[in-house]
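Asks: Could you have a look at this structure, given as structure tokens, before my questions?
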Amino acid sequence: LADKLAHHERLASIGRFAAGVAHEIGNPVTGIACLAQNLKLESDDEPVLETGKQILDQTKRISRIVQSLVRFAHAGRQEHSGQHEPMSLHECIAEALHLVSLDSRGTSPRYSNEVPVGLEVMGDAQQLLQIFVNLLNNACDATPDQGLISVSAEREDEKVIIRILDEGTGIPPELQDRLFEPFFTTKDPGKGTGLGLPLVYNIIEEHYGNIEIISPANKKQNKGTLVVITLPGTPVSQP
Ligand code: ADP
């Protein structure tokens, strides 16, 4: 418990720090993007246009990082507790899969939503959407073209168990203790911020849930990752 509290406090203080940093960086970056845009509009000189484009690309990259800092800080605030209502897990996963498939991240895996249509969980729809987008983005980044990413779920007593299974690279044992560490990433600087899983962890904690990452999920082939999440199901109506 002490470990969990220390971890929670650490995440909360990193969240406050992240909010401050994001705020301070956000405005000047918007300013730089506007200036680069003007440069592009006002010039017909090829090298100037190319430089303007590169400045815009780089500012977009910073904006993406700032946005994930803001999301992380928002979920990390202890006073923040979303509205927990019954919601359709199938629809939430369908929307997350749709968003992930729109975001071309280099590979084109196959997706399968095997969550039963009537299954509901208790949660904040926006926050749960965020965790599934993050987890599916990770699965997508690790999985080769045509590899399968499947999401399934079942009710077990008062809980709902959700499984996200990919056919990706898997996670080396020596990295597994670091997955929920803020800013831990193995991705290229433009692609990863290392805030995805800490954010997922925060949101699941707020939902009184649990997360476990098992990798390799396919021991024989030494690949694939299985993420198992537990969330509260809707209360069973008393007879
Ligand atoms: P980011 O995606 O920005 O790197 P995350 O916190 O979401 O940050 O993930 C941290 C690291 O965990 C990733 O960089 C990757 O090395 C590893 N990881 C997470 N999910 C998977 C997965 N499904 N398959 C392989 N590696 C993964």
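Following the order of the structure tokens, first chain is A, next is B, and so on, with residues numbered from 1 inside each chain and ligands from 1 in the order they appear.
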Which residues come within 9 Å of Glu91 in chain A, counting only C-alpha atoms, excluding same-chain residues fewer than 4 positions away, as a PyMOL selection string?
Replies: chain A and resi 87+95-96+115+117
Asks: May I have the residues within 6 Å of ligand 1, computed using only C-alpha atoms and all ligand atoms, as a list of chain:residue names?
Replies: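 Here is the list of contacting residues: A:Asn138, A:Ala139, A:Ala142, A:Gly168, A:Thr169, A:Gly170, A:Ile171, A:Leu179, A:Phe184, A:Thr185, A:Thr186, A:Lys187, A:Gly192, A:Thr193, A:Gly194, A:Leu195, A:Gly196, A:Leu197, A:Pro198, A:Thr225.
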Asks: With only C-alpha atoms as the counted atoms, please give the residues lying no more than 7 Å from Ile229 in chain A, apart from itself and same-chain residues fewer than 6 positions off, as a PyMOL selection string.
Replies: chain A and resi 161-163+210-212
Asks: Return the single residue from A:Cys140, A:Ile149, A:Val21, A:Leu1 that is closest to Glu114 in chain A, with distances computed using only C-alpha atoms.
Replies: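 Nearest to Glu114 in chain A: A:Ile149.
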Asks: Name the closest residue to Gln127 in chain A among the candidates A:Ala73, A:Val160, A:Ile204, A:Ile55; distances are taken between atoms, counting only C-alpha atoms.
Replies: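 Of all the options, A:Ile204 lies closest to Gln127 in chain A.
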Asks: Could you pull out the residues in range 74-174 of chain A that DSSP calls alpha helix (DSSP H) from the backbone, as JSON, numbers by chain?
Replies: {"A": [74, 75, 76, 89, 90, 91, 92, 93, 94, 95, 96, 97, 98, 99, 100, 101, 102, 125, 126, 127, 128, 129, 130, 131, 132, 133, 134, 135, 136, 137, 138, 139, 140, 141, 142]}
Asks: Excluding Pro172 in chain A and any residue of its chain fewer than 2 positions from it, enumerate the residues within 10 Å of it, using only C-alpha atoms, and give them as a ChimeraX atom specification.
Replies: /A:169-170,174-176,215-216,222-223
Asks: Just how far from CA of Pro189 in chain A is CA of Gly147 in chain A, in Å to one decimal?
Replies: 24.5 Å
